[in-house]
file entry.cif (mmCIF, C-alpha atoms)
data_model
#
loop_
_atom_site.label_atom_id
_atom_site.label_comp_id
_atom_site.auth_asym_id
_atom_site.auth_seq_id
_atom_site.Cartn_x
_atom_site.Cartn_y
_atom_site.Cartn_z
CA MET A 1 -28.62 51.76 6.14
CA VAL A 2 -31.42 54.29 5.65
CA ARG A 3 -33.60 54.90 2.61
CA LEU A 4 -33.95 58.61 1.83
CA VAL A 5 -37.04 59.91 -0.01
CA HIS A 6 -36.21 63.51 -0.92
CA ASN A 7 -38.23 66.26 -2.58
CA PRO A 8 -35.69 67.79 -4.99
CA THR A 9 -37.85 70.77 -5.98
CA ALA A 10 -38.06 71.90 -2.36
CA GLY A 11 -34.39 71.23 -1.73
CA GLU A 12 -31.91 74.06 -2.14
CA GLY A 13 -28.75 74.90 -0.21
CA ASP A 14 -28.78 72.94 3.05
CA TYR A 15 -31.75 70.95 1.74
CA SER A 16 -30.23 69.85 -1.59
CA ARG A 17 -29.75 66.15 -2.35
CA LYS A 18 -25.97 66.48 -2.08
CA ASN A 19 -26.00 68.21 1.30
CA ILE A 20 -28.71 66.02 2.83
CA VAL A 21 -26.95 62.79 1.81
CA LYS A 22 -23.61 64.14 3.02
CA LEU A 23 -25.08 65.11 6.38
CA ILE A 24 -26.77 61.74 6.90
CA GLU A 25 -23.61 59.82 5.97
CA SER A 26 -21.49 62.02 8.26
CA HIS A 27 -23.47 60.50 11.15
CA GLY A 28 -22.40 56.98 10.15
CA TYR A 29 -25.37 55.88 8.04
CA ARG A 30 -25.23 54.41 4.55
CA CYS A 31 -27.84 56.33 2.56
CA VAL A 32 -29.79 55.02 -0.44
CA TYR A 33 -31.44 57.91 -2.33
CA SER A 34 -34.90 58.16 -3.95
CA SER A 35 -36.52 61.25 -5.45
CA SER A 36 -40.12 61.85 -4.37
CA LYS A 37 -40.80 62.91 -7.97
CA ASN A 38 -40.10 59.41 -9.30
CA LYS A 39 -41.50 56.00 -8.43
CA ILE A 40 -40.55 55.82 -4.78
CA LEU A 41 -39.97 52.70 -2.72
CA LYS A 42 -40.07 50.41 -5.76
CA SER A 43 -37.91 48.05 -3.75
CA ILE A 44 -36.13 48.24 -0.44
CA SER A 45 -33.19 46.33 0.99
CA PRO A 46 -33.80 44.12 4.04
CA GLU A 47 -30.87 45.97 5.65
CA THR A 48 -32.82 49.24 5.70
CA GLU A 49 -33.23 50.42 9.30
CA PHE A 50 -35.75 53.15 8.54
CA ILE A 51 -37.14 55.36 5.77
CA VAL A 52 -36.18 59.04 5.89
CA ILE A 53 -38.61 61.51 4.27
CA ALA A 54 -37.03 64.89 3.47
CA GLY A 55 -39.53 67.56 2.45
CA GLY A 56 -42.73 69.23 3.52
CA ASP A 57 -46.05 67.81 4.68
CA GLY A 58 -47.08 67.01 1.10
CA THR A 59 -43.98 64.88 0.48
CA ILE A 60 -44.49 63.09 3.80
CA ARG A 61 -48.11 62.33 2.97
CA LYS A 62 -47.27 61.14 -0.56
CA THR A 63 -44.66 58.71 0.74
CA ILE A 64 -46.85 57.35 3.51
CA ILE A 65 -49.81 56.89 1.16
CA THR A 66 -47.46 54.99 -1.20
CA LEU A 67 -46.63 52.66 1.68
CA LEU A 68 -50.31 52.18 2.46
CA ASN A 69 -51.11 51.42 -1.17
CA LYS A 70 -48.36 48.80 -1.15
CA LYS A 71 -50.07 47.34 1.93
CA LEU A 72 -46.96 48.28 3.91
CA LYS A 73 -44.88 45.74 1.99
CA TYR A 74 -41.83 47.86 2.75
CA LYS A 75 -42.86 48.82 6.26
CA ARG A 76 -40.09 50.43 8.25
CA PRO A 77 -40.04 53.14 10.92
CA ILE A 78 -40.26 56.60 9.34
CA ALA A 79 -37.90 59.48 10.17
CA LEU A 80 -38.63 63.03 9.04
CA LEU A 81 -36.35 65.81 7.82
CA PRO A 82 -38.85 68.69 7.62
CA PHE A 83 -38.18 71.58 5.26
CA GLY A 84 -41.60 72.61 4.06
CA THR A 85 -43.39 75.82 5.00
CA ALA A 86 -45.71 74.66 7.78
CA ASN A 87 -44.18 71.28 8.75
CA ASN A 88 -47.31 70.44 10.73
CA ILE A 89 -46.58 66.71 10.98
CA ALA A 90 -43.03 67.20 12.28
CA SER A 91 -44.21 69.89 14.71
CA SER A 92 -46.83 67.55 16.13
CA LEU A 93 -44.08 65.00 16.80
CA ASN A 94 -41.67 67.55 18.37
CA ILE A 95 -39.07 66.82 15.69
CA PRO A 96 -36.29 69.46 15.56
CA SER A 97 -36.19 71.70 12.49
CA ASN A 98 -32.38 71.74 12.63
CA ASN A 99 -31.24 68.89 10.37
CA ALA A 100 -27.97 68.20 12.20
CA ILE A 101 -29.66 68.01 15.62
CA ASN A 102 -32.43 65.89 14.17
CA ILE A 103 -30.13 63.34 12.51
CA HIS A 104 -27.93 63.20 15.63
CA SER A 105 -31.03 62.23 17.64
CA TRP A 106 -31.50 59.10 15.49
CA ALA A 107 -28.70 57.41 17.46
CA GLU A 108 -31.06 57.15 20.46
CA TYR A 109 -34.58 57.46 19.16
CA ASN A 110 -38.06 56.58 20.35
CA LEU A 111 -40.55 54.84 18.11
CA LYS A 112 -43.90 56.60 18.28
CA LYS A 113 -46.99 54.80 17.04
CA PHE A 114 -48.91 56.84 14.48
CA ASP A 115 -52.59 56.39 13.63
CA VAL A 116 -53.95 56.81 10.10
CA GLY A 117 -57.45 57.92 9.11
CA GLN A 118 -59.53 55.99 6.56
CA VAL A 119 -62.51 57.36 4.63
CA VAL A 120 -65.03 55.00 3.00
CA GLY A 121 -67.88 56.18 0.78
CA LEU A 122 -65.93 58.01 -1.92
CA LYS A 123 -65.25 56.48 -5.34
CA LYS A 124 -61.98 55.25 -3.88
CA THR A 125 -61.05 54.70 -0.24
CA ALA A 126 -59.03 57.68 1.01
CA TYR A 127 -56.45 57.86 3.78
CA PHE A 128 -55.25 60.86 5.74
CA ILE A 129 -52.33 61.63 8.04
CA GLU A 130 -53.18 65.13 9.30
CA SER A 131 -56.89 65.83 8.86
CA PHE A 132 -59.98 65.25 6.77
CA GLY A 133 -62.43 68.10 6.58
CA PHE A 134 -65.11 70.27 5.05
CA GLY A 135 -65.85 73.94 4.54
CA ILE A 136 -63.56 76.93 4.77
CA PHE A 137 -60.21 75.14 4.79
CA PRO A 138 -60.62 73.26 1.48
CA ARG A 139 -62.08 76.50 0.09
CA LEU A 140 -58.84 78.21 1.17
CA MET A 141 -56.85 75.57 -0.69
CA LYS A 142 -58.88 76.20 -3.86
CA ASP A 143 -58.54 79.99 -3.60
CA LEU A 144 -54.78 79.86 -3.01
CA GLU A 145 -54.33 77.61 -6.06
CA LYS A 146 -55.87 80.35 -8.23
CA MET A 147 -53.73 83.18 -6.84
CA ASP A 148 -50.59 84.64 -8.32
CA THR A 149 -48.09 84.12 -5.50
CA ALA A 150 -44.95 85.13 -7.39
CA HIS A 151 -44.44 87.99 -4.92
CA ILE A 152 -44.35 85.60 -1.93
CA LYS A 153 -40.71 85.13 -0.92
CA THR A 154 -40.75 83.96 2.70
CA PRO A 155 -42.74 81.51 4.87
CA GLU A 156 -43.94 84.47 6.94
CA GLN A 157 -45.45 86.11 3.84
CA GLU A 158 -47.03 82.80 2.83
CA PHE A 159 -48.61 82.32 6.27
CA LYS A 160 -49.91 85.89 6.29
CA LEU A 161 -51.52 85.50 2.87
CA ALA A 162 -53.13 82.20 3.88
CA LEU A 163 -54.44 83.59 7.19
CA GLU A 164 -55.82 86.78 5.64
CA THR A 165 -57.51 84.78 2.89
CA LEU A 166 -58.97 82.32 5.41
CA PHE A 167 -60.24 85.23 7.53
CA SER A 168 -62.04 86.69 4.52
CA ILE A 169 -63.53 83.30 3.65
CA SER A 170 -64.70 82.72 7.23
CA LYS A 171 -66.65 86.01 7.18
CA ASN A 172 -68.46 85.28 3.92
CA TYR A 173 -68.71 81.48 3.64
CA GLN A 174 -72.31 80.28 3.55
CA SER A 175 -72.89 77.75 6.31
CA VAL A 176 -73.69 74.23 5.10
CA PRO A 177 -76.19 71.71 6.53
CA PHE A 178 -74.67 68.48 7.82
CA LYS A 179 -75.62 65.31 9.67
CA LEU A 180 -73.01 63.74 11.91
CA GLU A 181 -73.40 60.45 13.75
CA ILE A 182 -70.80 60.02 16.42
CA ASP A 183 -70.79 57.44 19.22
CA GLY A 184 -74.53 56.86 18.83
CA GLN A 185 -75.35 60.58 18.91
CA LEU A 186 -76.84 62.39 15.90
CA ILE A 187 -75.80 66.00 15.39
CA GLU A 188 -77.65 68.09 12.79
CA ASP A 189 -76.71 71.74 12.24
CA LYS A 190 -75.12 74.17 9.81
CA ALA A 191 -71.36 74.70 9.83
CA ILE A 192 -68.64 76.64 8.08
CA MET A 193 -65.96 74.10 9.02
CA ILE A 194 -65.67 70.51 10.21
CA GLU A 195 -62.22 68.98 10.63
CA VAL A 196 -61.45 65.43 11.74
CA MET A 197 -58.00 65.93 13.27
CA ASN A 198 -55.32 63.25 13.64
CA ILE A 199 -52.67 65.80 14.71
CA SER A 200 -52.88 69.21 16.38
CA TYR A 201 -52.10 71.46 13.41
CA LEU A 202 -53.93 72.43 10.26
CA GLY A 203 -52.80 74.46 7.23
CA PRO A 204 -50.82 77.62 8.11
CA GLN A 205 -49.85 76.25 11.53
CA LEU A 206 -53.32 76.60 13.04
CA LYS A 207 -53.33 74.63 16.28
CA ILE A 208 -57.04 73.93 16.33
CA SER A 209 -56.85 70.83 18.53
CA LYS A 210 -54.11 71.30 21.10
CA ASP A 211 -54.45 67.83 22.66
CA ALA A 212 -54.73 65.79 19.46
CA ASP A 213 -52.23 62.94 19.55
CA SER A 214 -51.51 60.73 16.54
CA GLU A 215 -50.91 57.67 18.72
CA ASP A 216 -53.80 57.86 21.20
CA GLY A 217 -56.31 55.93 19.09
CA PHE A 218 -58.76 58.84 18.79
CA PHE A 219 -59.68 61.59 16.35
CA ASP A 220 -60.46 65.11 17.54
CA VAL A 221 -63.51 66.37 15.61
CA VAL A 222 -63.69 70.16 15.42
CA ILE A 223 -67.05 71.65 14.39
CA VAL A 224 -67.41 75.39 13.71
CA THR A 225 -71.15 76.00 13.41
CA GLU A 226 -72.85 79.16 12.20
CA LYS A 227 -73.16 80.41 15.78
CA ASP A 228 -69.37 79.93 16.21
CA ARG A 229 -68.47 82.08 13.18
CA LYS A 230 -67.50 85.13 15.27
CA LYS A 231 -65.26 82.98 17.48
CA MET A 232 -63.48 81.74 14.35
CA GLU A 233 -63.05 85.27 13.02
CA THR A 234 -61.61 86.49 16.34
CA TYR A 235 -59.21 83.54 16.47
CA LEU A 236 -57.95 84.20 12.93
CA SER A 237 -57.69 87.94 13.56
CA ASN A 238 -55.47 87.26 16.56
CA LYS A 239 -53.32 84.87 14.52
CA ILE A 240 -52.88 87.52 11.84
CA GLY A 241 -51.87 89.93 14.61
CA LEU A 242 -49.04 87.54 15.53
CA LYS A 243 -50.67 86.55 18.80
CA ASP A 244 -50.83 82.95 20.02
CA PRO A 245 -54.55 82.42 20.69
CA VAL A 246 -56.04 79.19 21.99
CA PHE A 247 -58.62 77.77 19.61
CA PRO A 248 -61.98 78.55 21.23
CA ILE A 249 -64.01 75.45 20.26
CA LYS A 250 -63.65 72.19 22.14
CA PRO A 251 -63.30 69.09 19.93
CA ILE A 252 -65.22 65.82 20.21
CA ARG A 253 -63.02 62.74 20.64
CA THR A 254 -63.98 59.56 18.80
CA LYS A 255 -62.59 56.55 16.94
CA SER A 256 -65.09 56.72 14.08
CA LEU A 257 -68.01 58.71 12.70
CA HIS A 258 -70.50 58.94 9.83
CA ILE A 259 -71.07 62.27 8.14
CA ASN A 260 -73.21 63.68 5.36
CA TRP A 261 -71.96 67.14 4.31
CA LYS A 262 -74.26 68.97 1.90
CA GLY A 263 -71.55 71.28 0.51
CA LYS A 264 -68.87 70.93 -2.16
CA ASP A 265 -65.67 71.77 -0.27
CA MET A 266 -63.82 68.74 1.07
CA HIS A 267 -60.18 67.72 1.56
CA ALA A 268 -57.92 64.92 2.75
CA ASP A 269 -54.68 66.47 4.04
CA ASP A 270 -53.43 68.66 1.17
CA GLN A 271 -55.65 67.05 -1.47
CA ILE A 272 -58.97 68.59 -2.59
CA ILE A 273 -61.71 65.98 -3.00
CA LYS A 274 -64.62 66.33 -5.41
CA THR A 275 -67.83 64.64 -4.30
CA ASN A 276 -71.61 64.64 -4.59
CA HIS A 277 -72.67 64.68 -0.94
CA PRO A 278 -72.00 61.04 -0.04
CA ILE A 279 -72.47 59.59 3.42
CA LEU A 280 -68.93 58.95 4.57
CA LYS A 281 -67.60 56.62 7.23
CA ILE A 282 -64.39 57.95 8.76
CA SER A 283 -62.51 55.50 10.94
CA LEU A 284 -59.14 55.28 12.60
CA ILE A 285 -56.54 52.61 11.89
CA ASP A 286 -54.77 52.43 15.22
CA SER A 287 -50.94 52.52 15.38
CA LEU A 288 -50.50 51.65 11.69
CA LEU A 289 -47.16 53.46 11.35
CA GLU A 290 -44.06 53.94 13.51
CA MET A 291 -42.33 57.33 13.53
CA VAL A 292 -38.75 58.01 14.62
CA THR A 293 -38.83 60.74 17.28
CA PRO A 294 -36.14 62.12 19.60
CA SER A 295 -35.78 60.48 22.99
CA LYS A 296 -37.05 62.61 25.87
CA ILE A 297 -33.47 63.31 26.93
CA LYS A 298 -32.42 64.38 23.44
CA ALA A 299 -35.57 66.46 22.98
CA ALA A 300 -34.92 68.28 26.24
CA LYS A 301 -31.35 69.11 25.19
CA SER A 302 -32.38 70.34 21.73
#
call {"tool": "encode", "arguments": {"input": "entry.cif", "output": "structure tokens"}}
result
Amino acid sequence: MVRLVHNPTAGEGDYSRKNIVKLIESHGYRCVYSSSKNKILKSISPETEFIVIAGGDGTIRKTIITLLNKKLKYKRPIALLPFGTANNIASSLNIPSNNAINIHSWAEYNLKKFDVGQVVGLKKTAYFIESFGFGIFPRLMKDLEKMDTAHIKTPEQEFKLALETLFSISKNYQSVPFKLEIDGQLIEDKAIMIEVMNISYLGPQLKISKDADSEDGFFDVVIVTEKDRKKMETYLSNKIGLKDPVFPIKPIRTKSLHINWKGKDMHADDQIIKTNHPILKISLIDSLLEMVTPSKIKAAKS
């Protein structure tokens, strides 16, 4: 038996509730359905082998945060059926985008440990799956929320809009003073972006930390200072030009850090956070989750 948490608003055609359930059951699983729009995981049968999350990165994060808030009372391995726009979490785990291939791989799967980030110092403790950060990326999130995107019809158009908007922000964003204490070292500077990465990808499929691994017990901290602004602009310009550039700034690896960011723009995954310049402690909870991933043999074939 598997428990399916499905985002019905993102699900049309092959991604509808009917078709997803039918496909899962055609592979021999009994499927218990939950909508991500309702109270999810209110209870779970002991027979449940794993929890399947069908949707984009936001649905995945919402479900995992629900598990964390329940203190993992219903802890099970988590399988992903990605059908969002970016699918950064699934991409970082090398999970196939083809639903049939993906579900077929569950017959012989690997369990991959998955770290979770914890942020203390806000009004309420925050958790993150992908990244926690400051500067131009949360500003991008705010700007996109205000835009009329009715004309956007495809993921390609959505990525282009996001990249072009981020490029414009990166050129004009006023750098912000920060203090960062990491492994006994104090860093003071001005930056346009700081991202504490748990996976490789950010936002519109920006691979800003190519070696980040959600099970290695470390964050990758990416700092784009004022003197790095031109490097960031060149990187984004190449992405807009459909090239595949390597991110030019080397991250710092750590298990925890303290940071005081003097600006207003802050986010945890896809959530904007409002704050008054607190000193935050960001730490890693090692191997808190288990993710269902294809075996190496299956991955090679797919």
call {"tool": "residues_near_point", "arguments": {"input": "entry.cif", "point": "(-77.4, 63.4, -3.6)", "cutoff": "12 Å", "atoms": "all atoms listed in the file", "output": "short mmCIF file (atom, residue, chain, number, x, y, z; two decimals) with C-alpha atoms, in the frame of the given file"}}
result
data_model
loop_
_atom_site.label_atom_id
_atom_site.label_comp_id
_atom_site.auth_asym_id
_atom_site.auth_seq_id
_atom_site.Cartn_x
_atom_site.Cartn_y
_atom_site.Cartn_z
CA ASN A 260 -73.21 63.68 5.36
CA TRP A 261 -71.96 67.14 4.31
CA LYS A 262 -74.26 68.97 1.90
CA GLY A 263 -71.55 71.28 0.51
CA LYS A 264 -68.87 70.93 -2.16
CA THR A 275 -67.83 64.64 -4.30
CA ASN A 276 -71.61 64.64 -4.59
CA HIS A 277 -72.67 64.68 -0.94
CA PRO A 278 -72.00 61.04 -0.04
CA ILE A 279 -72.47 59.59 3.42
#
call {"tool": "closest_atom_pairs", "arguments": {"input": "entry.cif", "of": "stretch 97-160 of chain A", "to": "stretch 59-80 of chain A", "cutoff": "8 Å", "atoms": "all atoms listed in the file", "output": "CSV"}}
result
residue,atom,partner,partner_atom,distance
A:Leu111,CA,A:Pro77,CA,7.4
A:Tyr127,CA,A:Ile65,CA,7.2
A:Phe128,CA,A:Arg61,CA,7.8
A:Ile129,CA,A:Arg61,CA,6.6
call {"tool": "resolve_selection", "arguments": {"input": "entry.cif", "expression": "the PyMOL selection byres ((chain A and resi 228) around 10)", "output": "number ranges by chain"}}
result
A: 191-193, 223-227, 229-233, 248-249
call {"tool": "closest_residue", "arguments": {"input": "entry.cif", "among": "A:Ile24, A:Leu280, A:Leu41, A:Leu289", "to": "A:Ala107", "atoms": "only C-alpha atoms"}}
result
A:Ile24
call {"tool": "closest_residue", "arguments": {"input": "entry.cif", "among": "A:Ala150, A:Val21, A:Val52, A:Leu122", "to": "A:Thr293", "atoms": "all atoms listed in the file"}}
result
A:Val52
call {"tool": "atom_distance", "arguments": {"input": "entry.cif", "atom1": "atom CA of A:Ile182", "atom2": "atom CA of A:Val116"}}
result
18.3 Å
call {"tool": "atom_distance", "arguments": {"input": "entry.cif", "atom1": "atom CA of A:Gly184", "atom2": "atom CA of A:Val119"}}
result
18.6 Å
call {"tool": "closest_residue", "arguments": {"input": "entry.cif", "among": "A:Lys124, A:His267, A:Lys255, A:Lys281", "to": "A:Arg139", "atoms": "only C-alpha atoms"}}
result
A:His267
call {"tool": "resolve_selection", "arguments": {"input": "entry.cif", "expression": "the PyMOL selection byres ((chain A and resi 94) around 8)", "output": "list in words"}}
result
Ala90, Ser91, Ser92, Leu93, Ile95, Pro96, Thr293, Pro294 and Ala299 of chain A
call {"tool": "write_last_selection", "arguments": {"input": "entry.cif", "atoms": "C-alpha atoms", "output": "mmCIF file, in the coordinates of the input"}}
result
data_model
loop_
_atom_site.group_PDB
_atom_site.id
_atom_site.type_symbol
_atom_site.label_atom_id
_atom_site.label_comp_id
_atom_site.auth_asym_id
_atom_site.auth_seq_id
_atom_site.Cartn_x
_atom_site.Cartn_y
_atom_site.Cartn_z
ATOM 1 C CA ALA A 90 -43.030 67.200 12.280
ATOM 2 C CA SER A 91 -44.210 69.890 14.710
ATOM 3 C CA SER A 92 -46.830 67.550 16.130
ATOM 4 C CA LEU A 93 -44.080 65.000 16.800
ATOM 5 C CA ILE A 95 -39.070 66.820 15.690
ATOM 6 C CA PRO A 96 -36.290 69.460 15.560
ATOM 7 C CA THR A 293 -38.830 60.740 17.280
ATOM 8 C CA PRO A 294 -36.140 62.120 19.600
ATOM 9 C CA ALA A 299 -35.570 66.460 22.980
#
call {"tool": "closest_residue", "arguments": {"input": "entry.cif", "among": "A:Ser214, A:Ser16, A:Asn87, A:Gln271", "to": "A:Ser35", "atoms": "only C-alpha atoms"}}
result
A:Ser16
call {"tool": "atom_distance", "arguments": {"input": "entry.cif", "atom1": "atom CA of A:Ser283", "atom2": "atom CA of A:Gln118"}}
result
5.3 Å
call {"tool": "closest_residue", "arguments": {"input": "entry.cif", "among": "A:Tyr29, A:Phe218, A:Phe137, A:Tyr173", "to": "A:Asp115", "atoms": "only C-alpha atoms"}}
result
A:Phe218
call {"tool": "build_atoms", "arguments": {"input": "entry.cif", "residues": "stretch 119-142 of chain A", "atoms": "N, CA, C and O atoms", "output": "JSON list (two decimals), in the frame of the given file"}}
result
[["chain", "number", "residue", "atom", "x", "y", "z"],
["A", 119, "VAL", "N", -61.21, 56.82, 5.02],
["A", 119, "VAL", "CA", -62.51, 57.36, 4.63],
["A", 119, "VAL", "C", -63.14, 56.44, 3.58],
["A", 119, "VAL", "O", -62.57, 56.24, 2.50],
["A", 120, "VAL", "N", -64.30, 55.89, 3.90],
["A", 120, "VAL", "CA", -65.03, 55.00, 3.00],
["A", 120, "VAL", "C", -66.32, 55.69, 2.58],
["A", 120, "VAL", "O", -67.00, 56.31, 3.40],
["A", 121, "GLY", "N", -66.66, 55.57, 1.30],
["A", 121, "GLY", "CA", -67.88, 56.18, 0.78],
["A", 121, "GLY", "C", -67.62, 57.04, -0.44],
["A", 121, "GLY", "O", -68.54, 57.45, -1.14],
["A", 122, "LEU", "N", -66.34, 57.32, -0.70],
["A", 122, "LEU", "CA", -65.93, 58.01, -1.92],
["A", 122, "LEU", "C", -65.77, 56.97, -3.04],
["A", 122, "LEU", "O", -65.90, 55.77, -2.80],
["A", 123, "LYS", "N", -65.48, 57.43, -4.25],
["A", 123, "LYS", "CA", -65.25, 56.48, -5.34],
["A", 123, "LYS", "C", -64.10, 55.53, -5.02],
["A", 123, "LYS", "O", -64.10, 54.36, -5.42],
["A", 124, "LYS", "N", -63.14, 56.05, -4.28],
["A", 124, "LYS", "CA", -61.98, 55.25, -3.88],
["A", 124, "LYS", "C", -61.68, 55.54, -2.42],
["A", 124, "LYS", "O", -61.74, 56.69, -1.99],
["A", 125, "THR", "N", -61.38, 54.51, -1.65],
["A", 125, "THR", "CA", -61.05, 54.70, -0.24],
["A", 125, "THR", "C", -59.90, 55.69, -0.10],
["A", 125, "THR", "O", -58.90, 55.59, -0.81],
["A", 126, "ALA", "N", -60.05, 56.66, 0.79],
["A", 126, "ALA", "CA", -59.03, 57.68, 1.01],
["A", 126, "ALA", "C", -58.41, 57.49, 2.39],
["A", 126, "ALA", "O", -59.05, 56.98, 3.32],
["A", 127, "TYR", "N", -57.16, 57.91, 2.50],
["A", 127, "TYR", "CA", -56.45, 57.86, 3.78],
["A", 127, "TYR", "C", -55.94, 59.26, 4.09],
["A", 127, "TYR", "O", -55.66, 60.05, 3.19],
["A", 128, "PHE", "N", -55.81, 59.57, 5.38],
["A", 128, "PHE", "CA", -55.25, 60.86, 5.74],
["A", 128, "PHE", "C", -54.35, 60.73, 6.96],
["A", 128, "PHE", "O", -54.53, 59.86, 7.81],
["A", 129, "ILE", "N", -53.35, 61.61, 6.99],
["A", 129, "ILE", "CA", -52.33, 61.63, 8.04],
["A", 129, "ILE", "C", -52.60, 62.76, 9.02],
["A", 129, "ILE", "O", -52.49, 62.59, 10.23],
["A", 130, "GLU", "N", -52.97, 63.94, 8.48],
["A", 130, "GLU", "CA", -53.18, 65.13, 9.30],
["A", 130, "GLU", "C", -54.66, 65.33, 9.64],
["A", 130, "GLU", "O", -55.04, 65.30, 10.81],
["A", 131, "SER", "N", -55.48, 65.55, 8.61],
["A", 131, "SER", "CA", -56.89, 65.83, 8.86],
["A", 131, "SER", "C", -57.72, 65.58, 7.61],
["A", 131, "SER", "O", -57.22, 65.61, 6.48],
["A", 132, "PHE", "N", -59.00, 65.35, 7.84],
["A", 132, "PHE", "CA", -59.98, 65.25, 6.77],
["A", 132, "PHE", "C", -61.09, 66.23, 7.12],
["A", 132, "PHE", "O", -61.59, 66.23, 8.25],
["A", 133, "GLY", "N", -61.48, 67.08, 6.16],
["A", 133, "GLY", "CA", -62.43, 68.10, 6.58],
["A", 133, "GLY", "C", -63.23, 68.73, 5.46],
["A", 133, "GLY", "O", -63.07, 68.43, 4.28],
["A", 134, "PHE", "N", -64.09, 69.66, 5.89],
["A", 134, "PHE", "CA", -65.11, 70.27, 5.05],
["A", 134, "PHE", "C", -65.18, 71.77, 5.33],
["A", 134, "PHE", "O", -64.94, 72.21, 6.44],
["A", 135, "GLY", "N", -65.55, 72.53, 4.30],
["A", 135, "GLY", "CA", -65.85, 73.94, 4.54],
["A", 135, "GLY", "C", -64.73, 74.90, 4.18],
["A", 135, "GLY", "O", -64.14, 74.82, 3.10],
["A", 136, "ILE", "N", -64.41, 75.79, 5.11],
["A", 136, "ILE", "CA", -63.56, 76.93, 4.77],
["A", 136, "ILE", "C", -62.10, 76.54, 4.48],
["A", 136, "ILE", "O", -61.44, 77.24, 3.70],
["A", 137, "PHE", "N", -61.61, 75.45, 5.06],
["A", 137, "PHE", "CA", -60.21, 75.14, 4.79],
["A", 137, "PHE", "C", -59.99, 74.61, 3.37],
["A", 137, "PHE", "O", -59.08, 75.09, 2.67],
["A", 138, "PRO", "N", -60.79, 73.63, 2.90],
["A", 138, "PRO", "CA", -60.62, 73.26, 1.48],
["A", 138, "PRO", "C", -60.93, 74.41, 0.53],
["A", 138, "PRO", "O", -60.34, 74.50, -0.55],
["A", 139, "ARG", "N", -61.85, 75.32, 0.92],
["A", 139, "ARG", "CA", -62.08, 76.50, 0.09],
["A", 139, "ARG", "C", -60.81, 77.36, 0.03],
["A", 139, "ARG", "O", -60.46, 77.91, -1.02],
["A", 140, "LEU", "N", -60.12, 77.49, 1.15],
["A", 140, "LEU", "CA", -58.84, 78.21, 1.17],
["A", 140, "LEU", "C", -57.86, 77.58, 0.20],
["A", 140, "LEU", "O", -57.17, 78.29, -0.56],
["A", 141, "MET", "N", -57.77, 76.27, 0.21],
["A", 141, "MET", "CA", -56.85, 75.57, -0.69],
["A", 141, "MET", "C", -57.18, 75.89, -2.15],
["A", 141, "MET", "O", -56.27, 76.16, -2.96],
["A", 142, "LYS", "N", -58.46, 75.88, -2.48],
["A", 142, "LYS", "CA", -58.88, 76.20, -3.86],
["A", 142, "LYS", "C", -58.52, 77.64, -4.23],
["A", 142, "LYS", "O", -58.01, 77.90, -5.32]]
